[in-house]
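Structure file protein16.json; described as JSON, C-alpha atoms.
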[["chain", "number", "residue", "atom", "x", "y", "z"],
["A", 1, "MET", "CA", -22.76, 13.37, -12.12],
["A", 2, "LYS", "CA", -23.80, 16.89, -11.06],
["A", 3, "PHE", "CA", -23.06, 16.00, -7.43],
["A", 4, "LEU", "CA", -19.56, 14.90, -8.39],
["A", 5, "LEU", "CA", -18.89, 18.10, -10.36],
["A", 6, "ASP", "CA", -20.27, 20.23, -7.51],
["A", 7, "PHE", "CA", -18.04, 18.35, -5.08],
["A", 8, "LEU", "CA", -14.91, 18.76, -7.19],
["A", 9, "PHE", "CA", -15.37, 22.31, -8.44],
["A", 10, "GLY", "CA", -17.78, 23.81, -5.92],
["A", 11, "LYS", "CA", -21.33, 24.96, -6.33],
["A", 12, "GLY", "CA", -22.24, 28.17, -8.06],
["A", 13, "PRO", "CA", -23.39, 30.99, -5.79],
["A", 14, "ASP", "CA", -27.14, 31.11, -5.30],
["A", 15, "ILE", "CA", -27.27, 34.77, -4.28],
["A", 16, "PHE", "CA", -27.30, 36.45, -7.71],
["A", 17, "ASP", "CA", -30.26, 37.25, -9.94],
["A", 18, "GLU", "CA", -30.27, 37.22, -13.75],
["A", 19, "GLN", "CA", -28.70, 40.72, -13.91],
["A", 20, "GLY", "CA", -25.84, 39.73, -11.58],
["A", 21, "ARG", "CA", -27.14, 41.71, -8.60],
["A", 22, "VAL", "CA", -27.01, 40.23, -5.10],
["A", 23, "VAL", "CA", -30.43, 39.02, -3.93],
["A", 24, "HIS", "CA", -31.05, 37.86, -0.39],
["A", 25, "LYS", "CA", -33.90, 35.37, -0.43],
["A", 26, "HIS", "CA", -35.68, 36.21, 2.80],
["A", 27, "PRO", "CA", -39.44, 36.16, 3.26],
["A", 28, "LYS", "CA", -41.27, 39.46, 2.96],
["A", 29, "SER", "CA", -42.12, 39.46, 6.69],
["A", 30, "LYS", "CA", -38.43, 39.38, 7.59],
["A", 31, "TRP", "CA", -37.69, 42.37, 5.34],
["A", 32, "GLU", "CA", -40.63, 44.31, 6.81],
["A", 33, "ALA", "CA", -39.46, 43.61, 10.37],
["A", 34, "TRP", "CA", -35.94, 44.74, 9.44],
["A", 35, "ASN", "CA", -37.20, 47.98, 7.86],
["A", 36, "LYS", "CA", -39.43, 48.72, 10.84],
["A", 37, "ARG", "CA", -36.56, 48.19, 13.29],
["A", 38, "TYR", "CA", -34.13, 50.14, 11.12],
["A", 39, "PHE", "CA", -36.28, 53.23, 10.71],
["A", 40, "SER", "CA", -37.91, 53.31, 14.15],
["A", 41, "ASP", "CA", -34.80, 53.06, 16.35],
["A", 42, "PRO", "CA", -31.80, 55.38, 15.79],
["A", 43, "GLU", "CA", -29.56, 52.89, 17.61],
["A", 44, "MET", "CA", -30.20, 50.36, 14.83],
["A", 45, "ASN", "CA", -29.48, 52.85, 12.03],
["A", 46, "TRP", "CA", -25.93, 52.05, 10.83],
["A", 47, "ARG", "CA", -25.54, 55.55, 9.38],
["A", 48, "ASN", "CA", -25.50, 56.93, 12.91],
["A", 49, "HIS", "CA", -22.40, 54.85, 13.67],
["A", 50, "THR", "CA", -20.25, 55.27, 10.57],
["A", 51, "GLY", "CA", -18.91, 58.76, 11.08],
["A", 52, "THR", "CA", -21.29, 60.38, 8.62],
["A", 53, "LYS", "CA", -22.75, 62.52, 11.40],
["A", 54, "ALA", "CA", -19.55, 63.05, 13.35],
["A", 55, "LYS", "CA", -18.92, 66.58, 14.60],
["A", 56, "ILE", "CA", -15.76, 68.37, 13.52],
["A", 57, "LYS", "CA", -13.60, 69.59, 16.37],
["A", 58, "LYS", "CA", -12.26, 73.14, 15.97],
["A", 59, "ASN", "CA", -9.11, 72.59, 18.03],
["A", 60, "SER", "CA", -7.95, 69.47, 16.23],
["A", 61, "SER", "CA", -4.23, 68.79, 16.01],
["A", 62, "LEU", "CA", -4.66, 67.11, 12.62]]
Full structure transcribed into structure tokens:
Amino acid sequence: MKFLLDFLFGKGPDIFDEQGRVVHKHPKSKWEAWNKRYFSDPEMNWRNHTGTKAKIKKNSSL
């Protein structure tokens, strides 16, 4: 019966915890590798590519 209901109405998302926050269920080793890569290499740091460190041009026509 549950299979039929899931088929007809879709399955509930399995990415939320009890408080409604998004939880990615990766093993601890994967998170540690991601953190190591993120903090050790500036090319991997997304903040370096989002305009947060962009320089302001003095002679801008805007």
Practice prompt. Provide the atom CA of A:Val22 to atom CA of A:Ser40 distance in Å, to one decimal place.
Written response: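 We find that atom CA of A:Val22 and atom CA of A:Ser40 lie 25.7 Å from each other.
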Discussion item. Please compute the atom CA of A:Trp31-atom CA of A:Lys11 distance, one decimal, in Å.
Written reply: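 Taking atom CA of A:Trp31 as the start and atom CA of A:Lys11 as the end point, the length is 26.6 Å.
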Discussion item. Can you measure atom CA of A:Tyr38 to atom CA of A:Gln19 for me? One decimal in Å is fine.
Written reply: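 Those two atoms sit 27.3 Å apart.
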If you take every atom of stretch 27-39 of chain A that the file lists and fit an axis-aligned box around them with 6 Å extra on each side, what centre and edge lengths come out in Å to one decimal, as JSON?
{"center_x": -38.1, "center_y": 44.7, "center_z": 8.1, "size_x": 20.0, "size_y": 29.1, "size_z": 22.3}
Practice prompt. Name all residues at most 10 Å from A:Lys25 (count all atoms listed in the file; drop same-chain ones fewer than 5 positions away) and give them as a ChimeraX atom specification.
Written response: /A:14-16,31
